[in-house]
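Below is work-v5.cif, holding mmCIF, C-alpha atoms (C1' of nucleotides).
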data_protein
#
loop_
_atom_site.label_atom_id
_atom_site.label_comp_id
_atom_site.auth_asym_id
_atom_site.auth_seq_id
_atom_site.Cartn_x
_atom_site.Cartn_y
_atom_site.Cartn_z
CA MET A 1 -25.20 -2.28 -27.45
CA THR A 2 -26.45 -4.01 -24.37
CA PRO A 3 -24.75 -3.13 -21.12
CA LYS A 4 -21.24 -4.38 -20.54
CA ASP A 5 -21.07 -6.77 -23.46
CA THR A 6 -17.35 -6.20 -23.87
CA GLY A 7 -16.81 -7.39 -20.34
CA THR A 8 -14.60 -4.49 -19.36
CA GLU A 9 -15.91 -4.47 -15.82
CA GLN A 10 -15.14 -8.16 -15.43
CA LEU A 11 -11.75 -7.68 -17.07
CA ILE A 12 -10.78 -5.00 -14.57
CA LYS A 13 -11.91 -7.09 -11.63
CA ASP A 14 -10.19 -10.22 -12.92
CA THR A 15 -6.99 -8.29 -13.54
CA ALA A 16 -7.10 -6.83 -10.04
CA LYS A 17 -7.55 -10.31 -8.62
CA HIS A 18 -4.66 -11.60 -10.69
CA LEU A 19 -2.36 -8.86 -9.42
CA PHE A 20 -3.47 -9.30 -5.81
CA PHE A 21 -3.92 -13.05 -5.54
CA ALA A 22 -1.58 -14.50 -8.16
CA GLU A 23 1.27 -11.98 -8.26
CA GLY A 24 1.00 -10.91 -4.65
CA LYS A 25 1.03 -7.21 -5.56
CA ILE A 26 -1.40 -6.24 -2.86
CA HIS A 27 -0.41 -2.56 -3.02
CA ALA A 28 -1.34 -2.16 -6.69
CA THR A 29 -2.63 1.30 -7.64
CA THR A 30 -5.60 1.87 -9.94
CA GLN A 31 -3.15 2.91 -12.62
CA GLU A 32 -1.25 -0.36 -12.30
CA ILE A 33 -4.48 -2.33 -12.45
CA ALA A 34 -5.69 -0.41 -15.48
CA ASP A 35 -2.35 -0.83 -17.25
CA ALA A 36 -2.32 -4.56 -16.58
CA ALA A 37 -5.86 -4.78 -17.95
CA GLY A 38 -4.99 -2.59 -20.93
CA VAL A 39 -7.75 -0.10 -20.26
CA ASN A 40 -8.03 3.56 -19.38
CA ARG A 41 -7.73 4.19 -15.68
CA THR A 42 -10.94 6.20 -15.42
CA LEU A 43 -12.89 3.08 -16.31
CA VAL A 44 -12.11 1.84 -12.82
CA ASN A 45 -14.15 4.73 -11.48
CA TYR A 46 -16.80 4.35 -14.16
CA TYR A 47 -17.48 0.72 -13.27
CA PHE A 48 -16.58 0.58 -9.59
CA LYS A 49 -17.11 4.16 -8.38
CA SER A 50 -13.91 4.24 -6.33
CA ARG A 51 -10.73 2.35 -5.62
CA ASP A 52 -12.03 1.37 -2.20
CA ALA A 53 -15.23 0.02 -3.73
CA LEU A 54 -13.20 -2.17 -6.09
CA PHE A 55 -11.12 -3.40 -3.19
CA ASP A 56 -14.22 -4.11 -1.12
CA GLN A 57 -15.82 -6.05 -3.94
CA VAL A 58 -12.67 -8.09 -4.55
CA PHE A 59 -12.34 -8.66 -0.81
CA ASN A 60 -15.92 -9.84 -0.45
CA GLU A 61 -15.75 -12.13 -3.46
CA ALA A 62 -12.48 -13.58 -2.20
CA GLN A 63 -14.06 -14.29 1.15
CA GLU A 64 -17.14 -15.82 -0.47
CA LYS A 65 -15.01 -18.04 -2.66
CA VAL A 66 -12.95 -19.33 0.24
CA VAL A 67 -16.07 -19.96 2.29
CA LYS A 68 -17.69 -21.73 -0.64
CA ILE A 69 -14.73 -24.06 -1.13
CA LEU A 70 -14.66 -24.93 2.55
CA ASP A 71 -18.42 -25.38 2.74
CA GLU A 72 -18.55 -27.71 -0.21
CA VAL A 73 -15.91 -29.86 1.38
CA MET A 74 -17.16 -29.77 4.93
CA GLU A 75 -20.80 -30.34 4.05
CA SER A 76 -20.33 -33.13 1.53
CA ASP A 77 -21.33 -36.52 2.86
CA MET A 78 -18.34 -38.39 1.52
CA PRO A 79 -16.47 -40.68 3.86
CA PHE A 80 -13.87 -38.73 5.82
CA ARG A 81 -10.83 -39.97 3.94
CA GLU A 82 -12.25 -39.04 0.57
CA LYS A 83 -13.45 -35.76 1.96
CA ILE A 84 -9.91 -34.84 2.95
CA ALA A 85 -8.47 -36.16 -0.29
CA ASN A 86 -10.96 -34.00 -2.14
CA LEU A 87 -10.13 -30.99 -0.01
CA ILE A 88 -6.44 -31.36 -0.74
CA THR A 89 -7.04 -31.62 -4.47
CA VAL A 90 -9.42 -28.67 -4.63
CA PHE A 91 -7.61 -26.39 -2.22
CA LEU A 92 -4.13 -26.97 -3.63
CA LYS A 93 -5.36 -26.35 -7.16
CA GLU A 94 -6.87 -23.05 -6.04
CA ALA A 95 -3.80 -22.15 -4.02
CA MET A 96 -1.48 -22.81 -6.94
CA HIS A 97 -3.58 -20.44 -9.02
CA PHE A 98 -4.14 -17.78 -6.32
CA PRO A 99 -1.50 -18.30 -3.64
CA TYR A 100 -1.98 -14.87 -2.05
CA ARG A 101 -5.77 -14.77 -1.75
CA GLU A 102 -5.84 -15.50 1.96
CA ILE A 103 -2.96 -13.10 2.53
CA PHE A 104 -4.95 -10.39 0.76
CA ILE A 105 -7.94 -11.10 2.98
CA ILE A 106 -5.86 -10.99 6.14
CA THR A 107 -4.04 -7.85 5.04
CA GLN A 108 -7.32 -6.07 4.43
CA MET A 109 -8.61 -7.24 7.80
CA ASN A 110 -5.52 -5.90 9.55
CA ARG A 111 -5.74 -2.66 7.62
CA ASN A 112 -9.33 -1.98 8.62
CA ASP A 113 -9.01 -3.41 12.12
CA VAL A 114 -11.16 -6.46 11.36
CA ILE A 115 -14.68 -6.20 10.11
CA ASP A 116 -15.65 -9.82 10.40
CA ALA A 117 -18.66 -11.22 8.60
CA LYS A 118 -18.69 -15.02 8.66
CA ARG A 119 -19.27 -15.37 12.37
CA ALA A 120 -22.07 -17.45 10.91
CA ARG A 121 -19.46 -20.00 9.90
CA VAL A 122 -18.71 -20.92 13.48
CA GLU A 123 -21.44 -23.57 13.67
CA LYS A 124 -20.34 -25.30 10.49
CA VAL A 125 -16.76 -25.23 11.63
CA ASN A 126 -17.73 -26.77 14.95
CA ALA A 127 -19.62 -29.52 13.16
CA PHE A 128 -16.54 -30.27 11.08
CA LEU A 129 -14.34 -30.25 14.16
CA ALA A 130 -16.72 -32.76 15.74
CA GLU A 131 -16.46 -34.98 12.70
CA ILE A 132 -12.68 -34.87 12.92
CA GLU A 133 -12.87 -35.81 16.57
CA GLN A 134 -14.98 -38.84 15.66
CA GLU A 135 -12.31 -39.98 13.23
CA MET A 136 -9.74 -39.67 15.99
CA ASP A 137 -11.90 -41.75 18.30
CA LYS A 138 -12.16 -44.38 15.58
CA GLY A 139 -8.37 -44.38 15.44
CA ASN A 140 -8.18 -43.29 11.81
CA ILE A 141 -6.08 -40.21 12.51
CA LYS A 142 -3.75 -39.18 15.27
CA LYS A 143 -5.48 -37.85 18.37
CA MET A 144 -5.09 -34.13 18.99
CA ASN A 145 -7.14 -31.00 19.39
CA PRO A 146 -9.10 -31.06 16.12
CA ARG A 147 -8.37 -27.37 15.68
CA HIS A 148 -4.72 -28.31 15.29
CA PHE A 149 -5.70 -30.87 12.69
CA CYS A 150 -7.26 -28.14 10.53
CA ILE A 151 -4.48 -25.68 11.17
CA ASN A 152 -1.89 -28.28 10.20
CA LEU A 153 -3.72 -29.26 7.06
CA PHE A 154 -4.17 -25.75 5.74
CA SER A 155 -0.69 -24.67 6.76
CA LEU A 156 0.88 -27.53 4.86
CA MET A 157 -1.15 -26.63 1.77
CA ALA A 158 -1.10 -22.85 1.75
CA TYR A 159 2.19 -21.63 3.15
CA PRO A 160 4.58 -23.27 0.68
CA LEU A 161 2.89 -21.32 -2.10
CA VAL A 162 2.97 -18.03 -0.22
CA THR A 163 6.67 -18.45 0.42
CA ALA A 164 7.46 -19.70 -3.06
CA PRO A 165 9.62 -16.66 -3.96
CA LEU A 166 11.88 -17.37 -1.00
CA TYR A 167 12.13 -21.11 -1.52
CA LYS A 168 12.85 -20.71 -5.22
CA ILE A 169 15.95 -18.76 -4.23
CA LEU A 170 17.03 -20.93 -1.28
CA TYR A 171 16.42 -24.17 -3.15
CA ASP A 172 17.72 -22.66 -6.39
CA MET A 173 14.71 -23.84 -8.38
CA GLN A 174 12.93 -22.57 -11.48
CA ASP A 175 9.17 -22.02 -11.62
CA ASP A 176 8.40 -25.35 -13.24
CA GLU A 177 10.62 -27.23 -10.82
CA TYR A 178 8.90 -25.62 -7.87
CA ASN A 179 5.49 -26.37 -9.35
CA ALA A 180 6.50 -30.01 -9.62
CA LEU A 181 7.51 -29.93 -5.97
CA MET A 182 4.07 -28.54 -5.10
CA GLU A 183 2.38 -31.27 -7.10
CA GLU A 184 4.22 -33.86 -5.06
CA ARG A 185 2.69 -32.37 -1.94
CA LYS A 186 -0.83 -33.57 -2.71
CA LYS A 187 0.21 -37.15 -2.02
CA LEU A 188 2.66 -36.18 0.71
CA ILE A 189 0.14 -34.19 2.73
CA PHE A 190 -2.46 -36.92 2.46
CA GLU A 191 0.02 -39.48 3.77
CA PHE A 192 1.03 -37.08 6.49
CA ILE A 193 -2.59 -36.98 7.68
CA PHE A 194 -3.34 -40.66 7.20
CA PRO A 195 -0.07 -42.45 7.96
CA MET B 1 23.67 16.33 23.88
CA THR B 2 25.38 13.56 22.05
CA PRO B 3 23.77 12.44 18.80
CA LYS B 4 20.58 10.41 18.96
CA ASP B 5 20.61 9.87 22.70
CA THR B 6 16.84 10.09 22.83
CA GLY B 7 16.69 7.17 20.48
CA THR B 8 14.16 8.73 18.16
CA GLU B 9 15.64 7.09 15.11
CA GLN B 10 15.45 3.68 16.76
CA LEU B 11 11.94 4.43 18.01
CA ILE B 12 10.71 5.19 14.51
CA LYS B 13 12.26 2.06 13.09
CA ASP B 14 10.99 -0.13 15.91
CA THR B 15 7.51 1.33 15.54
CA ALA B 16 7.56 0.71 11.81
CA LYS B 17 8.59 -2.89 12.44
CA HIS B 18 5.83 -3.30 14.97
CA LEU B 19 3.21 -2.02 12.54
CA PHE B 20 4.54 -4.14 9.67
CA PHE B 21 5.55 -7.36 11.41
CA ALA B 22 3.32 -7.52 14.48
CA GLU B 23 0.13 -5.79 13.36
CA GLY B 24 0.39 -6.78 9.72
CA LYS B 25 -0.19 -3.21 8.53
CA ILE B 26 2.17 -3.49 5.64
CA HIS B 27 0.65 -0.48 3.85
CA ALA B 28 1.36 1.96 6.70
CA THR B 29 2.09 5.53 5.61
CA THR B 30 4.82 7.68 7.12
CA GLN B 31 2.12 9.62 8.96
CA GLU B 32 0.73 6.43 10.49
CA ILE B 33 4.20 5.34 11.55
CA ALA B 34 4.96 8.74 13.04
CA ASP B 35 1.63 8.83 14.89
CA ALA B 36 2.19 5.35 16.30
CA ALA B 37 5.64 6.43 17.44
CA GLY B 38 4.33 9.71 18.83
CA VAL B 39 6.73 11.85 16.83
CA ASN B 40 6.51 14.48 14.13
CA ARG B 41 6.30 12.99 10.67
CA THR B 42 9.18 15.01 9.27
CA LEU B 43 11.52 13.16 11.60
CA VAL B 44 11.11 10.17 9.34
CA ASN B 45 12.76 12.18 6.60
CA TYR B 46 15.28 13.69 8.99
CA TYR B 47 16.53 10.29 10.12
CA PHE B 48 15.85 8.09 7.11
CA LYS B 49 15.94 10.50 4.17
CA SER B 50 12.87 9.01 2.50
CA ARG B 51 10.03 6.58 3.05
CA ASP B 52 11.61 4.15 0.61
CA ALA B 53 14.90 4.31 2.50
CA LEU B 54 13.10 3.42 5.74
CA PHE B 55 11.34 0.54 4.01
CA ASP B 56 14.61 -0.69 2.51
CA GLN B 57 16.34 -0.58 5.87
CA VAL B 58 13.51 -2.42 7.59
CA PHE B 59 13.42 -4.93 4.74
CA ASN B 60 17.16 -5.58 4.93
CA GLU B 61 17.18 -5.93 8.68
CA ALA B 62 14.23 -8.29 8.52
CA GLN B 63 16.04 -10.42 6.01
CA GLU B 64 19.24 -10.38 8.05
CA LYS B 65 17.37 -11.39 11.19
CA VAL B 66 15.65 -14.31 9.49
CA VAL B 67 18.93 -15.46 7.95
CA LYS B 68 20.67 -15.14 11.31
CA ILE B 69 18.06 -17.27 13.07
CA LEU B 70 18.28 -19.96 10.43
CA ASP B 71 22.07 -19.89 10.34
CA GLU B 72 22.42 -20.24 14.08
CA VAL B 73 20.20 -23.26 13.99
CA MET B 74 21.56 -24.90 10.88
CA GLU B 75 25.21 -24.37 11.77
CA SER B 76 25.06 -25.42 15.39
CA ASP B 77 26.63 -28.82 16.03
CA MET B 78 23.88 -30.12 18.28
CA PRO B 79 22.46 -33.55 17.59
CA PHE B 80 19.69 -33.36 15.02
CA ARG B 81 16.79 -33.84 17.40
CA GLU B 82 17.92 -31.04 19.69
CA LYS B 83 18.68 -28.88 16.71
CA ILE B 84 15.09 -29.15 15.54
CA ALA B 85 13.71 -28.74 19.05
CA ASN B 86 15.77 -25.60 19.36
CA LEU B 87 14.59 -24.35 15.98
CA ILE B 88 10.98 -24.81 16.96
CA THR B 89 11.46 -22.95 20.23
CA VAL B 90 13.36 -20.06 18.71
CA PHE B 91 11.34 -19.70 15.53
CA LEU B 92 7.93 -19.95 17.19
CA LYS B 93 8.89 -17.39 19.79
CA GLU B 94 9.94 -15.00 17.03
CA ALA B 95 6.85 -15.77 14.97
CA MET B 96 4.54 -15.12 17.90
CA HIS B 97 6.17 -11.73 18.30
CA PHE B 98 6.44 -10.86 14.59
CA PRO B 99 4.03 -13.12 12.69
CA TYR B 100 4.06 -11.02 9.51
CA ARG B 101 7.80 -10.52 9.05
CA GLU B 102 8.15 -13.11 6.30
CA ILE B 103 4.97 -11.83 4.67
CA PHE B 104 6.45 -8.34 4.64
CA ILE B 105 9.61 -9.66 3.00
CA ILE B 106 7.68 -11.55 0.37
CA THR B 107 5.37 -8.63 -0.31
CA GLN B 108 8.32 -6.34 -0.88
CA MET B 109 9.90 -8.91 -3.16
CA ASN B 110 6.73 -9.19 -5.21
CA ARG B 111 6.38 -5.43 -5.32
CA ASN B 112 9.87 -4.88 -6.70
CA ASP B 113 9.91 -7.97 -8.89
CA VAL B 114 12.45 -9.77 -6.71
CA ILE B 115 15.84 -8.38 -5.94
CA ASP B 116 17.33 -11.40 -4.30
CA ALA B 117 20.46 -11.18 -2.14
CA LYS B 118 21.07 -14.37 -0.17
CA ARG B 119 21.84 -16.54 -3.15
CA ALA B 120 24.86 -17.08 -0.92
CA ARG B 121 22.60 -19.08 1.39
CA VAL B 122 22.16 -21.85 -1.14
CA GLU B 123 25.25 -23.74 0.00
CA LYS B 124 24.29 -23.66 3.67
CA VAL B 125 20.78 -24.75 2.81
CA ASN B 126 22.12 -27.64 0.79
CA ALA B 127 24.32 -28.70 3.68
CA PHE B 128 21.30 -28.68 5.98
CA LEU B 129 19.26 -30.63 3.44
CA ALA B 130 22.05 -33.20 3.32
CA GLU B 131 22.01 -33.49 7.10
CA ILE B 132 18.24 -34.08 7.02
CA GLU B 133 18.75 -36.77 4.41
CA GLN B 134 21.23 -38.51 6.70
CA GLU B 135 18.65 -38.57 9.47
CA MET B 136 16.21 -40.15 7.07
CA ASP B 137 18.74 -42.79 6.14
CA LYS B 138 19.25 -43.48 9.84
CA GLY B 139 15.51 -43.99 10.11
CA ASN B 140 15.00 -41.20 12.61
CA ILE B 141 12.50 -39.32 10.48
CA LYS B 142 10.16 -40.26 7.69
CA LYS B 143 11.83 -40.54 4.27
CA MET B 144 10.93 -37.83 1.81
CA ASN B 145 12.50 -35.12 -0.27
CA PRO B 146 14.29 -33.14 2.44
CA ARG B 147 13.00 -29.95 0.86
CA HIS B 148 9.52 -31.05 1.86
CA PHE B 149 10.75 -31.66 5.38
CA CYS B 150 11.80 -28.00 5.70
CA ILE B 151 8.71 -26.71 3.96
CA ASN B 152 6.50 -28.74 6.28
CA LEU B 153 8.31 -27.61 9.38
CA PHE B 154 8.18 -23.90 8.60
CA SER B 155 4.62 -24.07 7.31
CA LEU B 156 3.41 -25.68 10.52
CA MET B 157 5.15 -22.99 12.55
CA ALA B 158 4.55 -19.84 10.58
CA TYR B 159 1.18 -20.05 8.88
CA PRO B 160 -1.05 -20.46 11.95
CA LEU B 161 0.22 -17.11 13.19
CA VAL B 162 -0.26 -15.37 9.87
CA THR B 163 -3.84 -16.62 9.69
CA ALA B 164 -4.59 -15.92 13.34
CA PRO B 165 -7.21 -13.23 12.59
CA LEU B 166 -9.21 -15.73 10.54
CA TYR B 167 -8.93 -18.61 13.00
CA LYS B 168 -9.86 -16.42 15.94
CA ILE B 169 -13.17 -15.77 14.20
CA LEU B 170 -13.78 -19.30 12.90
CA TYR B 171 -12.78 -20.92 16.18
CA ASP B 172 -14.43 -18.14 18.18
CA MET B 173 -11.37 -17.61 20.35
CA GLN B 174 -9.93 -14.64 22.21
CA ASP B 175 -6.30 -13.55 21.87
CA ASP B 176 -5.11 -15.35 24.98
CA GLU B 177 -6.92 -18.54 24.04
CA TYR B 178 -5.34 -18.51 20.62
CA ASN B 179 -1.91 -17.85 22.12
CA ALA B 180 -2.37 -20.89 24.32
CA LEU B 181 -3.24 -22.92 21.23
CA MET B 182 -0.02 -21.71 19.60
CA GLU B 183 1.99 -22.66 22.68
CA GLU B 184 0.63 -26.19 22.40
CA ARG B 185 2.05 -26.37 18.93
CA LYS B 186 5.69 -26.45 20.04
CA LYS B 187 5.22 -29.95 21.40
CA LEU B 188 2.77 -30.96 18.69
CA ILE B 189 5.04 -30.00 15.82
CA PHE B 190 8.00 -31.75 17.37
CA GLU B 191 5.98 -34.96 17.74
CA PHE B 192 4.74 -34.54 14.20
CA ILE B 193 8.34 -34.55 12.98
CA PHE B 194 9.62 -37.25 15.33
CA PRO B 195 6.69 -39.64 15.78
"C1'" DC C 1 26.53 33.53 29.09
"C1'" DT C 2 27.47 32.27 24.49
"C1'" DT C 3 28.34 29.04 21.14
"C1'" DT C 4 27.84 24.85 18.97
"C1'" DT C 5 25.62 20.84 17.63
"C1'" DG C 6 22.02 18.20 17.04
"C1'" DT C 7 16.83 17.83 17.35
"C1'" DT C 8 12.07 19.10 16.63
"C1'" DT C 9 8.45 21.69 14.64
"C1'" DA C 10 5.30 24.08 11.43
"C1'" DA C 11 4.66 25.93 7.05
"C1'" DC C 12 5.16 25.05 2.59
"C1'" DA C 13 6.16 22.61 -1.89
"C1'" DA C 14 6.26 18.65 -4.80
"C1'" DT C 15 4.71 14.37 -6.10
"C1'" DT C 16 1.69 10.65 -6.45
"C1'" DT C 17 -2.67 8.84 -6.56
"C1'" DT C 18 -7.47 9.18 -6.98
"C1'" DG C 19 -11.79 11.23 -8.65
"C1'" DT C 20 -14.77 14.11 -11.95
"C1'" DC C 21 -16.50 15.68 -16.13
"C1'" DA C 22 -17.61 16.81 -20.75
"C1'" DA C 23 -16.83 15.41 -25.20
"C1'" DA C 24 -15.92 11.79 -28.50
"C1'" DC C 25 -16.92 7.33 -29.75
"C1'" DT C 26 -19.46 2.89 -30.68
"C1'" DT C 27 -23.19 0.12 -31.57
"C1'" DA C 28 -27.90 -1.26 -31.83
"C1'" DA C 29 -32.67 0.07 -32.17
"C1'" DG C 30 -36.12 2.79 -34.26
"C1'" DC D 1 -30.06 8.04 -41.19
"C1'" DT D 2 -31.09 9.41 -36.59
"C1'" DT D 3 -31.40 8.59 -31.99
"C1'" DA D 4 -30.43 6.58 -27.70
"C1'" DA D 5 -27.76 4.13 -24.43
"C1'" DG D 6 -23.78 2.78 -22.90
"C1'" DT D 7 -18.62 3.12 -23.30
"C1'" DT D 8 -14.11 5.22 -23.67
"C1'" DT D 9 -10.96 8.97 -23.53
"C1'" DG D 10 -8.20 13.08 -22.18
"C1'" DA D 11 -8.08 17.15 -19.57
"C1'" DC D 12 -8.61 18.74 -15.33
"C1'" DA D 13 -9.46 18.92 -10.18
"C1'" DA D 14 -9.04 17.14 -5.66
"C1'" DA D 15 -7.04 14.53 -2.22
"C1'" DA D 16 -3.55 12.02 -0.09
"C1'" DT D 17 1.11 11.29 0.66
"C1'" DT D 18 5.79 12.47 0.68
"C1'" DG D 19 9.70 15.74 0.79
"C1'" DT D 20 12.04 20.39 1.96
"C1'" DT D 21 13.21 24.31 4.50
"C1'" DA D 22 13.91 27.77 7.87
"C1'" DA D 23 13.21 28.75 12.36
"C1'" DA D 24 12.60 27.38 17.15
"C1'" DC D 25 14.31 24.57 20.62
"C1'" DA D 26 17.38 21.86 23.87
"C1'" DA D 27 21.48 20.53 25.94
"C1'" DA D 28 26.34 20.29 26.45
"C1'" DA D 29 30.91 22.52 25.79
"C1'" DG D 30 33.72 26.37 25.95
#
Could you write out this file's structure as C-alpha cells?
Amino acid sequence: MTPKDTGTEQLIKDTAKHLFFAEGKIHATTQEIADAAGVNRTLVNYYFKSRDALFDQVFNEAQEKVVKILDEVMESDMPFREKIANLITVFLKEAMHFPYREIFIITQMNRNDVIDAKRARVEKVNAFLAEIEQEMDKGNIKKMNPRHFCINLFSLMAYPLVTAPLYKILYDMQDDEYNALMEERKKLIFEFIFP
Amino acid sequence: MTPKDTGTEQLIKDTAKHLFFAEGKIHATTQEIADAAGVNRTLVNYYFKSRDALFDQVFNEAQEKVVKILDEVMESDMPFREKIANLITVFLKEAMHFPYREIFIITQMNRNDVIDAKRARVEKVNAFLAEIEQEMDKGNIKKMNPRHFCINLFSLMAYPLVTAPLYKILYDMQDDEYNALMEERKKLIFEFIFP
DNA sequence: CTTTTGTTTAACAATTTTGTCAAACTTAAG
DNA sequence: CTTAAGTTTGACAAAATTGTTAAACAAAAG
C-alpha cells in the first residue's frame, strides 16, 4: 500500500475544517474531530503529531486560502465593475460554505497574541486601494477613504453569515429561507456599491 | 465585613468579560481569568460554583445587554432618522468597547447546538421591520427587504471591529489610527443609509 | 477579647484532554 | 507465502484543567 491512499490524513483535516469553519465549533477537541471523521483519535497524533500542529496547519491553510482568493481578485486585470462583481460571487460562495473561517483566524490570532505573516500583503492591498481611489475619481463609486470601501464590502458579505444563528431566530427563518436571503445579497451588495 | 464588599465576584466576572468580549480570548481557562483578575483561581469556584456556571452567567448577561440595547432603540418613539442615528452612536460605542461580544454569543450557541431564548423578540423585531418598511414607502430610504436593511446596518457597524486585527496588518495601522478610522464610520454609515 | 461571618489560600483530588506505544492489522511487493 | 511498509487500534501515561476541602485570615458585632 502506498502512503496515505485511504486519505485518512486529508479526511481528518477536512473534518476539522468543517467543524471550525462551517459549524463554528472552534473549541472542538481532538476526540470530537476524530468522532466527526469516524476515525480513532490517535490517528490525529499519528498524522499531525499534536493537536497544536493540526491547528497550526489548518490555520495556515485558512490564511493561504483567504489570501489566494483576494489576490486572484485584486490582481486580475478585469475592469473594476466586473472585478467587484466577481469578488462578490466568489467570496459569498466561499462564505456560505465556510462562514466562520475568518473568525477562526482572528480567534487564533487573539489567542496567540498575533503572529502575523502576510505583512507582505500590504503592497498589494495598497495597489488595490489606489485602484479604488481611481474609480472614485472617475465618479464610478461614491468618494470615501478607500479603506472604508473595502471594509464595507467585506462586512456586508461576511457578517450576515457569521450571525446567521441569531438572525434565524430573530427573523424566525429556516435554513433554506435564510440561504435564499443570502443569495439575494449578491445583487443587493453590488447595487449598494454601484448605485 | 458585609458580604462581597471587596467586589471580588464582580471583578472576576468583569475580567472574564474583558477577556472574552474585548480581547477576543474566548477560550480562556479559569486560571487565565483568575490571573488577569489578580485573584486565586479557587475563588472562581467559590463565587460561581463552576466554570460552566460562570460562562452561562456571562453568556446570559451578554445576551440581555444586547437585547436591552436593541429594545431601547427599537421601542423609542423618536423619528426614524434620529432613531437610527442614535442606534449607530450607541451600538458603535459598545462595539468599540466589546467587539467580540456577539461572536462570543454565537460561539456558545454553536458549541451547545443552540439553546435559543429570545424567541420572544420576534414580535418586536417584526414591528421594527414594519417601521423600516414604512420609511421605504415614504421614500426616505432605499427600497429593499427590510431584513436586509438591518443586516446591512449591523454588518457595517460590527464586522470592522471583529476583523480589526486583520485590517491593522493589511492597512498597516496602529491601534489609535484604526480607532480613528472606526470613529469616521459613524458618519459614513449614516450617510450610507440616508444618502 | 471573643465570636461570628464571610473571604482567601494552599494542598489535594477528580476529571478531561492530549500524547505514547506496542501489538494487530492491511495491503502490495518480492 | 513471506516480507515490508504503512495504518489502525486499545491500553496506558502524561499533562492540563477543573473542582473540593480544611485551615488561615480579616473584619465587624457582641
May I have a table of the residues of chain B lying at most 9 Å from chain A, giving each one's closest pair of atoms and their distance in Å to one decimal, counting all atoms listed in the file, ordered by chain and ascending residue number, as a tab-separated table?
residue	atom	partner	partner_atom	distance
B:Glu23	CA	A:Asn110	CA	6.8
B:Gly24	CA	A:Asn110	CA	6.0
B:Lys25	CA	A:Arg111	CA	5.7
B:Ile26	CA	A:Thr107	CA	7.6
B:His27	CA	A:His27	CA	7.3
B:Ala28	CA	A:Arg111	CA	8.5
B:Glu102	CA	A:Thr163	CA	8.1
B:Ile103	CA	A:Thr163	CA	8.0
B:Ile105	CA	A:Leu166	CA	9.0
B:Ile106	CA	A:Pro165	CA	7.0
B:Thr107	CA	A:Gly24	CA	6.6
B:Gln108	CA	A:Lys25	CA	8.7
B:Met109	CA	A:Pro165	CA	7.8
B:Asn110	CA	A:Gly24	CA	6.0
B:Arg111	CA	A:Lys25	CA	5.6
B:Val114	CA	A:Pro165	CA	7.9
B:Asp116	CA	A:Ile169	CA	7.5
B:Lys118	CA	A:Leu170	CA	7.8
B:Arg119	CA	A:Ile169	CA	6.4
B:Ala120	CA	A:Leu170	CA	8.7
B:Arg121	CA	A:Leu170	CA	6.4
B:Val122	CA	A:Leu170	CA	5.2
B:Glu123	CA	A:Leu170	CA	8.8
B:Val125	CA	A:Leu170	CA	6.7
B:Asn126	CA	A:Tyr171	CA	7.7
B:Met144	CA	A:Leu188	CA	8.5
B:Arg147	CA	A:Tyr171	CA	7.8
B:His148	CA	A:Arg185	CA	7.9
B:Ile151	CA	A:Pro160	CA	6.3
B:Asn152	CA	A:Leu156	CA	5.9
B:Leu153	CA	A:Leu156	CA	8.7
B:Phe154	CA	A:Tyr159	CA	8.4
B:Ser155	CA	A:Ser155	CA	5.4
B:Leu156	CA	A:Ser155	CA	5.7
B:Met157	CA	A:Ser155	CA	8.4
B:Ala158	CA	A:Tyr159	CA	8.0
B:Tyr159	CA	A:Ser155	CA	5.4
B:Pro160	CA	A:Ile151	CA	6.3
B:Val162	CA	A:Ile106	CA	8.0
B:Thr163	CA	A:Ile106	CA	7.0
B:Ala164	CA	A:Ile106	CA	8.8
B:Pro165	CA	A:Ile106	CA	7.0
B:Leu166	CA	A:Ile106	CA	7.3
B:Tyr167	CA	A:Ile151	CA	8.6
B:Ile169	CA	A:Arg119	CA	6.4
B:Leu170	CA	A:Val122	CA	5.2
B:Tyr171	CA	A:Val122	CA	6.5
B:Asp172	CA	A:Val122	CA	6.9
B:Leu181	CA	A:His148	CA	8.2
B:Arg185	CA	A:His148	CA	7.9
B:Leu188	CA	A:Met144	CA	8.5
B:Phe192	CA	A:Phe192	CA	8.9
Which residues of chain D have any atom within 12 Å of an atom in chain B when counting all atoms listed in the file, and what is the closest pair of atoms for each, with the distance in Å to one decimal? Order the rows by chain and rising number and write it as CSV.
residue,atom,partner,partner_atom,distance
D:DA16,C1',B:Thr29,CA,10.3
D:DT17,C1',B:Thr29,CA,7.7
D:DT18,C1',B:Arg51,CA,7.6
D:DG19,C1',B:Asn45,CA,7.5
D:DT20,C1',B:Asn45,CA,9.5
D:DT21,C1',B:Thr42,CA,11.2
D:DA26,C1',B:Met1,CA,8.4
D:DA27,C1',B:Met1,CA,5.2
D:DA28,C1',B:Met1,CA,5.4
D:DA29,C1',B:Met1,CA,9.7
Polymer residues at most 10 Å from segment 62-74 of chain A, only C-alpha atoms (C1' of nucleotides), same-chain spacing of 6 or more positions, as number ranges by chain: A: 17, 21, 56, 80, 82-88, 90-91, 94, 101-102, 104-105, 117-118, 121, 124-125, 127-129, 131
Picked residues, the PyMOL selection byres ((chain C) within 12 of (chain B)), as a ChimeraX atom specification: /C:4-10
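Neighbourhood of point (-6.6, -6.2, -9.9): residues with an atom at most 9 Å away, counting only C-alpha atoms (C1' of nucleotides), are A:Leu11, A:Ile12, A:Lys13, A:Asp14, A:Thr15, A:Ala16, A:Lys17, A:His18, A:Leu19, A:Phe20, A:Phe21, A:Lys25, A:Ile26, A:Ala28, A:Thr29, A:Thr30, A:Glu32, A:Ile33, A:Ala34, A:Ala36, A:Ala37, A:Leu54, A:Phe55, A:Val58.
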Straight-line distance linking atom CA of Thr89 of chain B with atom CA of Phe59 of chain B, stated in Å to one decimal: 23.8 Å
Two-atom distance - atom CA of Gly38 of chain A, atom C1' of DA4 of chain D (Å): 27.9 Å
Shortest interatomic distance to DA24 of chain C - which of D:DA22, D:DT8, D:DG30, D:DA14, counting only C-alpha atoms (C1' of nucleotides):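 The answer is D:DT8, which sits nearest to DA24 of chain C.
Across the model, the gap from atom CA of Arg81 of chain A to atom CA of Gln134 of chain A is 12.5 Å.
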